[in-house]
Structures are given as structure tokens and as C-alpha cells.
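Structure file run-v2.cif; described as mmCIF, C-alpha atoms.
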```
data_work
#
loop_
_atom_site.label_atom_id
_atom_site.label_comp_id
_atom_site.auth_asym_id
_atom_site.auth_seq_id
_atom_site.Cartn_x
_atom_site.Cartn_y
_atom_site.Cartn_z
CA MET K 770 1.52 42.73 -35.22
CA ALA K 771 -0.25 39.75 -33.85
CA GLY K 772 1.62 36.50 -34.04
CA ALA K 773 0.61 33.85 -36.47
CA LEU K 774 0.42 31.15 -33.87
CA THR K 775 -2.30 30.62 -31.31
CA VAL K 776 -0.63 29.41 -28.17
CA ASP K 777 -2.07 27.93 -25.01
CA VAL K 778 0.22 27.00 -22.18
CA VAL K 779 -1.77 24.97 -19.71
CA ALA K 780 -0.90 23.28 -16.45
CA GLN K 781 -3.05 20.56 -14.98
CA ASP K 782 -5.01 22.85 -12.72
CA ARG K 783 -4.86 26.16 -14.54
CA THR K 784 -4.04 27.98 -17.73
CA LEU K 785 -0.63 29.60 -17.48
CA TRP K 786 -0.74 31.73 -20.57
CA SER K 787 -2.65 32.02 -23.75
CA GLY K 788 -2.41 34.33 -26.69
CA THR K 789 -0.72 34.68 -30.03
CA ALA K 790 2.96 34.42 -30.83
CA ASP K 791 5.44 34.28 -33.68
CA ARG K 792 7.62 31.51 -32.45
CA VAL K 793 7.65 28.88 -29.76
CA ILE K 794 10.73 27.04 -28.60
CA ALA K 795 10.22 23.99 -26.44
CA PRO K 796 12.65 21.49 -24.93
CA SER K 797 11.58 18.22 -26.49
CA VAL K 798 13.06 14.93 -25.34
CA GLU K 799 15.12 14.85 -28.51
CA GLY K 800 16.40 18.38 -28.30
CA GLU K 801 15.02 21.88 -28.53
CA ILE K 802 12.22 22.17 -31.00
CA GLY K 803 11.42 25.49 -32.60
CA LEU K 804 7.95 25.99 -34.01
CA LEU K 805 7.07 28.65 -36.53
CA ALA K 806 3.85 29.15 -38.44
CA ASN K 807 2.86 26.36 -40.84
CA HIS K 808 5.07 23.79 -39.23
CA GLU K 809 3.93 20.26 -39.90
CA PRO K 810 1.67 18.76 -37.23
CA VAL K 811 3.77 17.43 -34.43
CA LEU K 812 3.19 15.89 -31.05
CA ALA K 813 6.26 15.85 -28.88
CA LEU K 814 7.09 14.99 -25.31
CA LEU K 815 8.96 17.60 -23.35
CA ARG K 816 11.67 17.19 -20.78
CA ALA K 817 12.53 19.56 -17.96
CA GLY K 818 13.56 22.92 -19.31
CA THR K 819 12.19 26.22 -20.44
CA VAL K 820 9.44 26.87 -22.93
CA ARG K 821 9.96 30.18 -24.71
CA VAL K 822 7.09 31.90 -26.43
CA ARG K 823 8.16 34.85 -28.58
CA GLU K 824 5.67 37.50 -29.45
CA GLY K 825 7.22 40.39 -31.38
CA SER K 826 10.04 41.56 -29.17
CA GLN K 827 8.52 40.09 -26.05
CA THR K 828 9.43 36.68 -24.75
CA HIS K 829 7.52 34.69 -22.20
CA GLU K 830 9.36 31.93 -20.44
CA PHE K 831 7.93 29.00 -18.57
CA ALA K 832 10.04 26.61 -16.59
CA ILE K 833 8.56 23.15 -16.86
CA GLU K 834 9.25 19.79 -15.39
CA GLN K 835 7.65 17.70 -18.07
CA GLY K 836 4.84 17.93 -20.53
CA PHE K 837 3.92 17.69 -24.15
CA VAL K 838 3.43 20.03 -27.04
CA SER K 839 1.01 19.58 -29.87
CA PHE K 840 1.07 21.63 -33.02
CA ASP K 841 -1.77 21.55 -35.47
CA HIS K 842 -2.99 24.16 -37.94
CA ASN K 843 -0.98 26.87 -36.23
CA VAL K 844 -2.54 26.09 -32.89
CA ILE K 845 0.00 25.14 -30.27
CA THR K 846 -1.02 23.56 -27.03
CA ILE K 847 1.58 23.00 -24.39
CA GLY K 848 0.42 20.83 -21.54
CA CYS K 849 2.95 20.87 -18.77
CA THR K 850 3.78 20.38 -15.16
CA PRO K 851 5.41 23.62 -14.08
CA ALA K 852 8.72 23.41 -12.28
CA GLU K 853 8.53 24.35 -8.58
CA SER K 854 4.92 23.31 -8.69
CA ASP K 855 4.03 25.66 -5.86
CA GLU K 856 5.19 28.86 -7.47
CA GLY K 857 1.60 29.98 -8.10
CA MET U 921 -44.25 27.42 38.70
CA GLY U 922 -43.68 27.64 34.98
CA GLY U 923 -42.19 24.18 34.58
CA GLN U 924 -43.75 23.64 31.21
CA GLN U 925 -42.74 27.09 30.03
CA ARG U 926 -39.14 26.54 31.01
CA VAL U 927 -38.95 23.33 28.98
CA TYR U 928 -40.24 25.12 25.90
CA ARG U 929 -37.92 28.10 26.33
CA GLN U 930 -34.98 25.77 26.60
CA ARG U 931 -35.88 23.96 23.40
CA ILE U 932 -36.29 27.24 21.60
CA ARG U 933 -32.83 28.35 22.74
CA SER U 934 -31.11 25.16 21.64
CA THR U 935 -32.87 25.17 18.30
CA GLN U 936 -31.84 28.76 17.80
CA SER U 937 -28.18 27.95 18.31
CA LEU U 938 -28.47 24.96 15.97
CA LYS U 939 -30.02 27.24 13.42
CA LYS U 940 -27.02 29.54 13.64
CA ILE U 941 -24.69 26.62 13.02
CA PHE U 942 -26.72 25.46 10.02
CA ARG U 943 -26.80 28.97 8.63
CA ALA U 944 -23.03 29.29 8.99
CA MET U 945 -22.44 25.97 7.24
CA GLU U 946 -24.77 27.00 4.46
CA LEU U 947 -22.89 30.24 3.92
CA ILE U 948 -19.52 28.52 4.01
CA ALA U 949 -20.65 25.96 1.44
CA ALA U 950 -22.11 28.69 -0.74
CA SER U 951 -18.92 30.70 -0.70
CA ARG U 952 -16.82 27.68 -1.58
CA ILE U 953 -18.92 26.49 -4.49
CA GLY U 954 -17.80 29.32 -6.71
CA LYS U 955 -14.19 28.46 -6.13
CA ALA U 956 -14.81 24.75 -6.68
CA ARG U 957 -16.50 25.48 -9.98
CA ASP U 958 -13.65 27.72 -11.06
CA ARG U 959 -11.26 24.90 -10.39
CA VAL U 960 -13.29 22.57 -12.56
CA THR U 961 -13.12 25.13 -15.36
CA ALA U 962 -9.43 25.80 -14.84
CA ALA U 963 -8.55 22.14 -15.19
CA ALA U 964 -10.50 21.73 -18.41
CA PRO U 965 -7.99 23.07 -21.00
CA TYR U 966 -5.29 20.63 -19.98
CA ALA U 967 -7.70 17.70 -20.02
CA LYS U 968 -8.90 18.74 -23.44
CA ALA U 969 -5.38 19.07 -24.83
CA LEU U 970 -4.35 15.74 -23.42
CA THR U 971 -7.45 13.95 -24.66
CA ARG U 972 -6.87 15.35 -28.12
CA ALA U 973 -3.25 14.29 -28.05
CA ILE U 974 -4.07 10.77 -26.95
CA SER U 975 -6.76 10.25 -29.51
CA ALA U 976 -4.38 11.59 -32.14
CA VAL U 977 -1.87 8.92 -31.22
CA ALA U 978 -4.52 6.26 -31.04
CA THR U 979 -6.06 7.04 -34.40
CA HIS U 980 -2.91 7.70 -36.35
CA SER U 981 -0.77 4.84 -35.41
CA SER U 982 -1.71 1.27 -34.93
CA VAL U 983 -0.17 1.17 -31.52
CA ASP U 984 -1.06 -1.87 -29.54
CA HIS U 985 -0.64 -0.42 -26.12
CA PRO U 986 -1.61 -2.37 -22.98
CA LEU U 987 -3.71 0.53 -21.79
CA THR U 988 -5.95 0.48 -24.82
CA THR U 989 -6.45 -3.24 -25.14
CA GLU U 990 -8.68 -5.45 -23.03
CA ARG U 991 -6.89 -7.63 -20.54
CA THR U 992 -8.04 -11.19 -20.40
CA ASP U 993 -5.64 -12.65 -17.86
CA THR U 994 -7.54 -11.48 -14.78
CA ASN U 995 -11.15 -10.91 -13.87
CA ARG U 996 -10.43 -8.39 -11.15
CA VAL U 997 -11.76 -4.92 -11.74
CA ALA U 998 -11.13 -1.77 -9.75
CA VAL U 999 -13.91 0.54 -8.62
CA LEU U 1000 -13.07 3.95 -7.23
CA VAL U 1001 -15.83 5.63 -5.22
CA VAL U 1002 -15.65 9.35 -4.58
CA SER U 1003 -17.60 10.48 -1.51
CA ALA U 1004 -17.49 13.21 1.13
CA ASP U 1005 -15.42 13.39 4.29
CA ARG U 1006 -18.23 14.79 6.37
CA GLY U 1007 -21.93 14.31 6.48
CA MET U 1008 -24.33 17.24 6.55
CA ALA U 1009 -24.57 17.11 2.79
CA GLY U 1010 -27.94 15.51 2.34
CA ALA U 1011 -27.91 12.31 0.37
CA TYR U 1012 -24.70 13.16 -1.45
CA SER U 1013 -22.48 10.37 -0.15
CA ALA U 1014 -25.32 7.89 0.09
CA ASN U 1015 -26.16 8.42 -3.56
CA ALA U 1016 -22.60 7.91 -4.72
CA ILE U 1017 -22.23 4.80 -2.60
CA ARG U 1018 -25.54 3.40 -3.82
CA GLU U 1019 -24.40 3.89 -7.40
CA ALA U 1020 -21.19 2.08 -6.57
CA GLU U 1021 -23.12 -0.82 -5.05
CA ARG U 1022 -25.22 -1.08 -8.17
CA LEU U 1023 -22.10 -1.15 -10.30
CA ARG U 1024 -20.60 -3.78 -8.05
CA GLU U 1025 -23.61 -6.03 -8.42
CA ARG U 1026 -23.52 -5.63 -12.16
CA LEU U 1027 -19.84 -6.49 -12.29
CA ILE U 1028 -20.27 -9.50 -10.05
CA GLU U 1029 -23.06 -10.71 -12.31
CA GLN U 1030 -20.58 -10.57 -15.15
CA GLY U 1031 -18.31 -12.84 -13.17
CA LYS U 1032 -15.84 -10.17 -12.16
CA GLU U 1033 -14.13 -9.73 -8.86
CA VAL U 1034 -14.39 -6.18 -7.53
CA VAL U 1035 -11.50 -4.38 -5.86
CA HIS U 1036 -12.58 -1.27 -3.98
CA TYR U 1037 -10.82 2.04 -3.79
CA ALA U 1038 -12.44 4.74 -1.71
CA VAL U 1039 -12.06 8.50 -1.51
CA GLY U 1040 -13.66 10.30 1.42
CA ARG U 1041 -14.30 9.19 4.96
CA ARG U 1042 -17.93 8.30 4.30
CA ALA U 1043 -17.10 5.68 1.71
CA VAL U 1044 -14.22 4.35 3.81
CA SER U 1045 -16.40 3.87 6.87
CA TYR U 1046 -19.13 2.34 4.73
CA PHE U 1047 -16.75 -0.35 3.52
CA ASN U 1048 -15.16 -0.80 6.93
CA PHE U 1049 -18.54 -1.35 8.52
CA ARG U 1050 -19.26 -4.11 6.04
CA HIS U 1051 -15.82 -5.62 6.47
CA ARG U 1052 -14.93 -5.19 2.85
CA GLU U 1053 -11.32 -4.93 1.97
CA MET U 1054 -10.20 -1.75 0.29
CA ALA U 1055 -7.14 -1.72 -1.91
CA GLY U 1056 -6.70 1.96 -1.37
CA GLN U 1057 -8.30 4.77 0.59
CA TRP U 1058 -7.83 8.50 0.70
CA THR U 1059 -9.47 10.75 3.23
CA GLY U 1060 -9.29 14.42 4.04
CA GLY U 1061 -9.91 17.41 1.85
CA SER U 1062 -12.82 16.03 -0.09
CA ASP U 1063 -14.29 19.50 -0.56
CA ALA U 1064 -11.05 20.97 -1.91
CA PRO U 1065 -9.08 18.19 -3.58
CA THR U 1066 -5.51 18.92 -4.55
CA LEU U 1067 -3.61 17.86 -7.59
CA GLU U 1068 -1.26 15.90 -5.34
CA THR U 1069 -4.07 13.69 -4.12
CA ALA U 1070 -5.21 13.13 -7.68
CA ARG U 1071 -1.67 12.26 -8.68
CA GLU U 1072 -1.37 9.76 -5.85
CA ILE U 1073 -4.68 8.13 -6.70
CA GLY U 1074 -3.81 8.13 -10.38
CA ASN U 1075 -0.48 6.45 -9.76
CA THR U 1076 -2.00 3.81 -7.52
CA LEU U 1077 -4.64 2.97 -10.08
CA TYR U 1078 -2.16 3.02 -12.93
CA GLU U 1079 0.15 0.66 -11.10
CA ALA U 1080 -2.73 -1.68 -10.31
CA PHE U 1081 -3.64 -1.65 -13.96
CA VAL U 1082 -0.19 -2.47 -15.30
CA ALA U 1083 0.63 -5.00 -12.56
CA PRO U 1084 0.68 -8.66 -13.54
CA ALA U 1085 -2.40 -10.70 -12.65
CA GLU U 1086 -0.79 -12.63 -9.81
CA GLU U 1087 0.27 -9.42 -8.10
CA GLY U 1088 -3.24 -8.07 -7.97
CA GLY U 1089 -3.46 -6.49 -11.37
CA VAL U 1090 -6.87 -5.35 -12.51
CA SER U 1091 -8.36 -5.53 -15.96
CA GLU U 1092 -10.74 -2.61 -15.79
CA LEU U 1093 -11.03 0.61 -13.91
CA HIS U 1094 -14.31 2.28 -13.06
CA ILE U 1095 -14.88 5.55 -11.26
CA VAL U 1096 -18.07 6.46 -9.44
CA TYR U 1097 -18.32 10.20 -8.89
CA THR U 1098 -20.97 12.87 -8.71
CA HIS U 1099 -21.30 14.92 -11.82
CA PHE U 1100 -21.89 18.60 -11.28
CA SER U 1101 -24.32 19.59 -14.00
CA SER U 1102 -25.62 22.72 -12.33
CA MET U 1103 -26.24 24.24 -8.93
CA VAL U 1104 -29.50 22.39 -8.64
CA SER U 1105 -28.68 19.13 -10.28
CA GLN U 1106 -25.86 16.76 -9.49
CA GLU U 1107 -26.05 13.10 -10.28
CA PRO U 1108 -23.83 10.16 -9.45
CA ARG U 1109 -22.14 8.77 -12.53
CA VAL U 1110 -20.05 5.80 -13.45
CA ILE U 1111 -17.29 6.01 -16.00
CA ARG U 1112 -15.10 3.23 -17.24
CA MET U 1113 -11.74 4.80 -17.53
CA LEU U 1114 -9.54 1.89 -18.50
CA PRO U 1115 -9.02 0.27 -20.85
CA LEU U 1116 -9.53 3.31 -22.99
CA GLU U 1117 -12.29 3.22 -25.47
CA ILE U 1118 -11.06 5.15 -28.43
CA VAL U 1119 -14.24 6.88 -29.32
CA GLU U 1120 -13.86 10.05 -27.36
CA GLY U 1121 -14.67 12.93 -29.57
CA VAL U 1122 -12.00 14.69 -31.44
CA ALA U 1123 -14.19 14.76 -34.49
CA GLU U 1124 -14.90 18.42 -34.83
CA PRO U 1125 -17.72 18.59 -37.33
CA GLY U 1126 -16.76 20.00 -40.70
CA GLU U 1127 -13.10 19.54 -39.99
CA ASP U 1128 -11.07 17.79 -42.62
CA VAL U 1129 -9.14 14.64 -41.87
CA GLU U 1130 -7.10 14.71 -38.68
CA PRO U 1131 -3.61 15.93 -39.36
CA LEU U 1132 -0.92 13.35 -39.70
CA TYR U 1133 1.14 14.02 -36.65
CA ASP U 1134 4.81 13.64 -36.41
CA PHE U 1135 5.48 11.96 -33.11
CA GLU U 1136 8.53 12.69 -31.12
CA PRO U 1137 10.22 10.48 -30.01
CA SER U 1138 7.73 7.76 -31.08
CA PRO U 1139 4.00 7.07 -30.85
CA GLU U 1140 4.58 4.41 -28.20
CA ALA U 1141 6.66 6.70 -26.04
CA VAL U 1142 4.14 9.49 -26.35
CA LEU U 1143 1.34 7.16 -25.33
CA ASP U 1144 3.42 5.73 -22.49
CA ALA U 1145 4.07 9.15 -21.08
CA ALA U 1146 0.65 10.59 -21.73
CA LEU U 1147 -1.55 7.86 -20.31
CA PRO U 1148 -0.56 8.12 -16.64
CA ARG U 1149 -1.08 11.89 -16.97
CA TYR U 1150 -4.42 11.20 -18.56
CA ILE U 1151 -5.57 8.97 -15.69
CA GLU U 1152 -4.38 11.58 -13.26
CA ILE U 1153 -6.25 14.40 -14.90
CA ARG U 1154 -9.42 12.35 -15.23
CA VAL U 1155 -9.26 11.45 -11.55
CA TYR U 1156 -8.59 15.09 -10.74
CA ASN U 1157 -11.57 16.15 -12.78
CA CYS U 1158 -13.79 13.61 -11.01
CA LEU U 1159 -12.58 14.82 -7.63
CA LEU U 1160 -13.25 18.44 -8.50
CA GLN U 1161 -16.70 17.72 -9.85
CA SER U 1162 -17.50 15.70 -6.76
CA ALA U 1163 -16.25 18.47 -4.51
CA ALA U 1164 -18.46 21.01 -6.23
CA SER U 1165 -21.40 18.61 -5.96
CA GLU U 1166 -20.68 17.98 -2.32
CA LEU U 1167 -20.73 21.70 -1.56
CA ALA U 1168 -23.90 22.26 -3.55
CA ASN U 1169 -25.56 19.39 -1.73
CA ARG U 1170 -24.38 20.69 1.61
CA GLN U 1171 -25.67 24.14 0.88
CA ARG U 1172 -29.06 22.76 -0.03
CA ALA U 1173 -29.21 20.44 2.97
CA MET U 1174 -28.25 23.23 5.33
CA ASN U 1175 -30.77 25.56 3.78
CA THR U 1176 -33.49 23.01 4.48
CA ALA U 1177 -32.15 22.53 7.99
CA VAL U 1178 -32.36 26.26 8.67
CA SER U 1179 -35.97 26.45 7.57
CA ASN U 1180 -36.80 23.35 9.60
CA ALA U 1181 -35.21 24.96 12.62
CA GLU U 1182 -37.31 28.06 12.02
CA ASP U 1183 -40.45 25.93 11.87
CA ILE U 1184 -39.58 24.26 15.15
CA ILE U 1185 -38.85 27.57 16.82
CA ARG U 1186 -42.18 28.95 15.68
CA GLN U 1187 -44.00 25.86 16.92
CA TYR U 1188 -42.35 25.96 20.33
CA THR U 1189 -42.93 29.68 20.67
CA ARG U 1190 -46.65 29.07 20.20
CA LEU U 1191 -46.61 26.27 22.77
CA ALA U 1192 -44.67 28.41 25.23
CA ASN U 1193 -47.11 31.28 24.78
CA SER U 1194 -50.13 29.11 25.35
CA ALA U 1195 -48.47 27.54 28.38
CA ARG U 1196 -47.90 31.01 29.80
CA GLN U 1197 -51.45 32.01 29.02
CA ALA U 1198 -52.78 28.87 30.68
CA GLU U 1199 -50.75 29.62 33.77
CA ILE U 1200 -52.07 33.17 33.98
CA THR U 1201 -55.64 32.01 33.49
CA GLN U 1202 -55.20 29.45 36.21
CA GLU U 1203 -53.76 32.02 38.63
CA ILE U 1204 -56.59 34.47 37.95
CA SER U 1205 -59.23 31.81 38.51
CA GLU U 1206 -57.51 30.77 41.73
CA ILE U 1207 -57.46 34.35 43.02
CA VAL U 1208 -61.06 35.00 41.97
CA SER U 1209 -62.35 31.79 43.53
CA GLY U 1210 -60.30 32.52 46.67
CA ALA U 1211 -61.84 36.01 46.92
CA ASP U 1212 -65.31 34.56 46.31
CA ALA U 1213 -64.79 32.03 49.04
CA LEU U 1214 -63.69 34.78 51.47
CA ALA U 1215 -66.63 37.01 50.53
CA ALA U 1216 -69.09 34.17 50.97
CA SER U 1217 -67.90 33.30 54.45
#
```
Mind turning the file's structure into C-alpha cells?
Amino acid sequence: MAGALTVDVVAQDRTLWSGTADRVIAPSVEGEIGLLANHEPVLALLRAGTVRVREGSQTHEFAIEQGFVSFDHNVITIGCTPAESDEG
Amino acid sequence: MGGQQRVYRQRIRSTQSLKKIFRAMELIAASRIGKARDRVTAAAPYAKALTRAISAVATHSSVDHPLTTERTDTNRVAVLVVSADRGMAGAYSANAIREAERLRERLIEQGKEVVHYAVGRRAVSYFNFRHREMAGQWTGGSDAPTLETAREIGNTLYEAFVAPAEEGGVSELHIVYTHFSSMVSQEPRVIRMLPLEIVEGVAEPGEDVEPLYDFEPSPEAVLDAALPRYIEIRVYNCLLQSAASELANRQRAMNTAVSNAEDIIRQYTRLANSARQAEITQEISEIVSGADALAAS
């Protein structure tokens, strides 16, 4: 089944991933933040760590250096600076 | 013999090799435009997300952040001009610089003191020639700007903006760049980037009231962290747009140069032909009159 969340993971110069997911876990500056559908709108800063996007049994992981996540009406946008910026 | 002809032939040859160079530059520019445009598109989602986030903070919390309020302690303003590293791009750099000069005059009329920042060798040499101080300059790679350059420029500008007045702080930040509207139309534009004017559209029509965001850790911290990124991405966007414009301008200029070269070649070929014909005519008439003279004697 398609996830309930619309997720966009974007870096400054490209889109890393976009699609739907069930759950997103991001390393906020105040601790890991898990986002499920119908979470309240939130805008959080992220520290270095791993963003996990779960879609059914699949998990996508993105190592980031810093960034932010915004959640609004089940649309999640993660703007980030990827770790090892030259991996692409 | 054939002095005149030789001169023409030589000109034709040199014009032909110039034409090849122009053609090559045109093709190179054409092949790079696509990539430059893709980069503009690829950078858009992040800019959009960040803009939305910042306006969310700005509208939902009465944060009095230095970056959103007008500074009154200094009348220095920063102007960043984005130009090309190389010529051969028609009036591209000249247009951007002219726009910057216009902006400068306007700012001086308002009693401001202008601090220049220049991107691209053309703008740098323009200011150097006029002995104007530049607070910052970046050259190299104007047709394929990297995120690192944008970050460096962004940081420099951000630092100038938050610096106290006596250390050369600036109260406003303007960028002059060339907007890439389409392959055939690019125009120089001026944007005032700082202080932020909180009008930028988040208002999707028909949408209910903006959600009340929960900020983590706090609205101030979010704004603090997001604004330098925002400057960076705006600068990056300007650089990418300018790069695409530069390439489009170069392609057009080189296209014109190729057809001019063809015109010149055609013209010289005609001249060379008529010179050859004149020579032949002259030789024939010399032979005929020589034979006549012999026959008459």
C-alpha cells in the first residue's frame, strides 16, 4: 500500500528522494523525531545523523550533516546538506 | 603577379579558421545550456522548502530577528554583481554591470554608501579599471557555479550583514544578476535580499489558514539556522540563472559571429574572383596587343 505521507528529501542542488512513506524518523536537535500521518505541523532543525524513511517494509536512509524538516498536512519536506557532500 | 589575389586568399583563410572557432564555441555553449537549466530546476525544491519554512516562522511568531528588521546604524549597503568570466557573450556582462551602475546611482541618491562585491572576471576588471574598492570578489567557473562558491559568497555576505557598523557592517544587500526567462530572453535584474521583506508568497490560494507550527527547538533558533542557508541558496540560484543566461548569450553571440564570418568569406571570395578575372583579362590584352604590334611591324 502507498504510504500516507508525501515525502521530499531535497539537498541544495538536487532532489535526493521523493515519494510516499508510512513513517519518517529524523534526528532533530532535541532528539530523534518520529513522524507518522496526521502529526501536528512541526518545523524542526536537524543535526548530523541519519534520516530514515520507511515505506512498507522498505527503508531509505540518508546520512545528513544538517538540515530541517517541515511537516504540514502529511507533506514532509526535508531540506538537508548530505554528509560526505561529494558522494553524488 | 597575383599580389591582390594573395591578400584576398589569405583573408579568406583566416576568416575560415575564425569561423571554425566561433562555431565550436557556439556548440559548446549550446550543449552546456541544457545542463545549466537542469541545475536551476534541481535547486528549486530546496529553495521552495526553505522559503516556506522561513515565512512560516516569520508569520507565526513575532520574532524580532536582526535579519528581518531594518538596520539604522549604518548607511552602507552591499551590492553583489554577477557577471561572466570571459567575454564572447554579447552584451551579457555589460548589461549586468550597467544595471549595477544604475542601482548604485539610485542608492547614492538615497544617501547610501555602496560596497561592491563582484562575481566573474568581467565585473572585477570593470571595478579595478575604475579604481573602485571591492569588498569581495570571486572569479572562475562563472558558467558552472558550484555550491561551494555560493556558500562562500553567502557566508561573506551574511557576515557583512551581521557585523557591527564600525567593522564594516552593511544595512542592505542587493544582488544584480541575469534572470533566465527563456532561451531567447534574459534580463538583468536587481533583488534586495536583506533585510527580508516578509511578503514572499506562501499564500496558496484557497488554502485555509497556515498551520500553527511547532518549532523545535525554538522559532529564533530555527530562523537563526535557516537564514544563512537561505542567503546561500538565493545566491546559488542567482549564480545558476546567470550561468544559464551567460551560455545562452554566448550561443547567440557566436551564432551571429559565424554568420558574419560567412558573409565576409563570401565577400572576399567575390573580390578574389574578380581580381583573378582582371588579371587574366590584362594578360590576354597584353598578349593580343603584343601580337598585333609584331604583325604590324
Any idea which chain K residues end up within 6 Å of chain U if we count all atoms listed in the file, as a PyMOL selection string please? chain K and resi 779+781-783+810-813+848
Taking all atoms of segment 823-837 of chain K that the file lists and extending 8 Å past them on each side, where is the centre of the axis-aligned box and how long are its edges? Answer in Å to one decimal, as JSON.
```
{"center_x": 7.0, "center_y": 29.6, "center_z": -23.4, "size_x": 22.1, "size_y": 39.9, "size_z": 32.0}
```
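Running the PyMOL selection byres ((chain U and resi 1042-1052) around 10) on this file leaves Leu1000, Val1001, Val1002, Ser1003, Ala1004, Asp1005, Arg1006, Gly1007, Ser1013, Ala1014, Ala1016, Ile1017, Ala1020, Val1035, His1036, Tyr1037, Ala1038, Val1039, Gly1040, Arg1041, Glu1053, Met1054, Ala1055, Gly1056, Gln1057, Trp1058 and Thr1059 of chain U selected.
Coordinates place atom CA of Glu1068 of chain U at a distance of 18.6 Å from atom CA of Arg957 of chain U.
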Which value, in Å to one decimal, gives the distance between atom CA of His808 of chain K and atom CA of Leu1147 of chain U?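 A separation of 25.6 Å between them.
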What is the distance between atom CA of Phe837 of chain K and atom CA of Thr1069 of chain U, in Å to one decimal?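 According to the coordinates, atom CA of Phe837 of chain K and atom CA of Thr1069 of chain U are separated by 21.9 Å.
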Spatial sel., origin (-17.7, -10.3, -10.7), limit 12 Å, only C-alpha atoms, listed as a ChimeraX atom specification: /U:994-999,1023-1035,1091-1092
Evaluate the PyMOL selection byres ((chain U and resi 955) around 12) and report residues as a list in words: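 On the file shown, the PyMOL selection byres ((chain U and resi 955) around 12) covers Ile948, Ala949, Ala950, Ser951, Arg952, Ile953, Gly954, Ala956, Arg957, Asp958, Arg959, Val960, Thr961, Ala962, Asp1063, Ala1064, Pro1065, Leu1160, Gln1161, Ala1163, Ala1164, Leu1167 and Ala1168 of chain U.
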Written as a PDB file with C-alpha atoms, in the coordinates of the input, which residues does the PyMOL selection byres ((chain U and resi 928-934) around 9) give for the file shown?
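Saved result, expr.pdb, follows:
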```pdb
ATOM      1  CA  GLY U 923     -42.190  24.180  34.580  1.00  0.00           C
ATOM      2  CA  GLN U 924     -43.750  23.640  31.210  1.00  0.00           C
ATOM      3  CA  GLN U 925     -42.740  27.090  30.030  1.00  0.00           C
ATOM      4  CA  ARG U 926     -39.140  26.540  31.010  1.00  0.00           C
ATOM      5  CA  VAL U 927     -38.950  23.330  28.980  1.00  0.00           C
ATOM      6  CA  THR U 935     -32.870  25.170  18.300  1.00  0.00           C
ATOM      7  CA  GLN U 936     -31.840  28.760  17.800  1.00  0.00           C
ATOM      8  CA  SER U 937     -28.180  27.950  18.310  1.00  0.00           C
ATOM      9  CA  LEU U 938     -28.470  24.960  15.970  1.00  0.00           C
ATOM     10  CA  LYS U 939     -30.020  27.240  13.420  1.00  0.00           C
ATOM     11  CA  ILE U1184     -39.580  24.260  15.150  1.00  0.00           C
ATOM     12  CA  ILE U1185     -38.850  27.570  16.820  1.00  0.00           C
ATOM     13  CA  ARG U1186     -42.180  28.950  15.680  1.00  0.00           C
ATOM     14  CA  TYR U1188     -42.350  25.960  20.330  1.00  0.00           C
ATOM     15  CA  THR U1189     -42.930  29.680  20.670  1.00  0.00           C
ATOM     16  CA  LEU U1191     -46.610  26.270  22.770  1.00  0.00           C
ATOM     17  CA  ALA U1192     -44.670  28.410  25.230  1.00  0.00           C
ATOM     18  CA  ALA U1195     -48.470  27.540  28.380  1.00  0.00           C
TER      19      ALA U1195
END
```
Residues near segment 1102-1118 of chain U, cut-off 9 Å, only C-alpha atoms, skip fewer than 2 positions along chain, as a ChimeraX atom specification: /U:953,975,978-979,986-991,1012,1015-1020,1023,1081,1091-1100,1120-1121,1151,1154,1162,1164-1166,1168-1169,1172
Using all atoms listed in the file, give me every residue within 9 Å of (8.5, 31.5, -19.1) in file coordinates, as a list in words. Thr819, Val820, Arg821, Val822, Thr828, His829, Glu830, Phe831, Ala832 and Ile833 of chain K
As a PyMOL selection string, please: the residues near segment 797-800 of chain K (cut-off 6 Å, only C-alpha atoms, same-chain neighbours under 4 positions excluded). chain K and resi 814-816
Could you check the closest approach to Pro1084 of chain U for each of U:Ser1062, U:Ser1217, U:Asn1175, U:Thr992 and tell me which residue wins, using only C-alpha atoms?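 Among the listed residues, the smallest separation from Pro1084 of chain U belongs to U:Thr992.
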Considering only C-alpha atoms, state which residue in the set U:Ala1173, U:Ala1181, U:Tyr1150, U:Asp993 is at the smallest distance from Gly1088 of chain U. U:Asp993
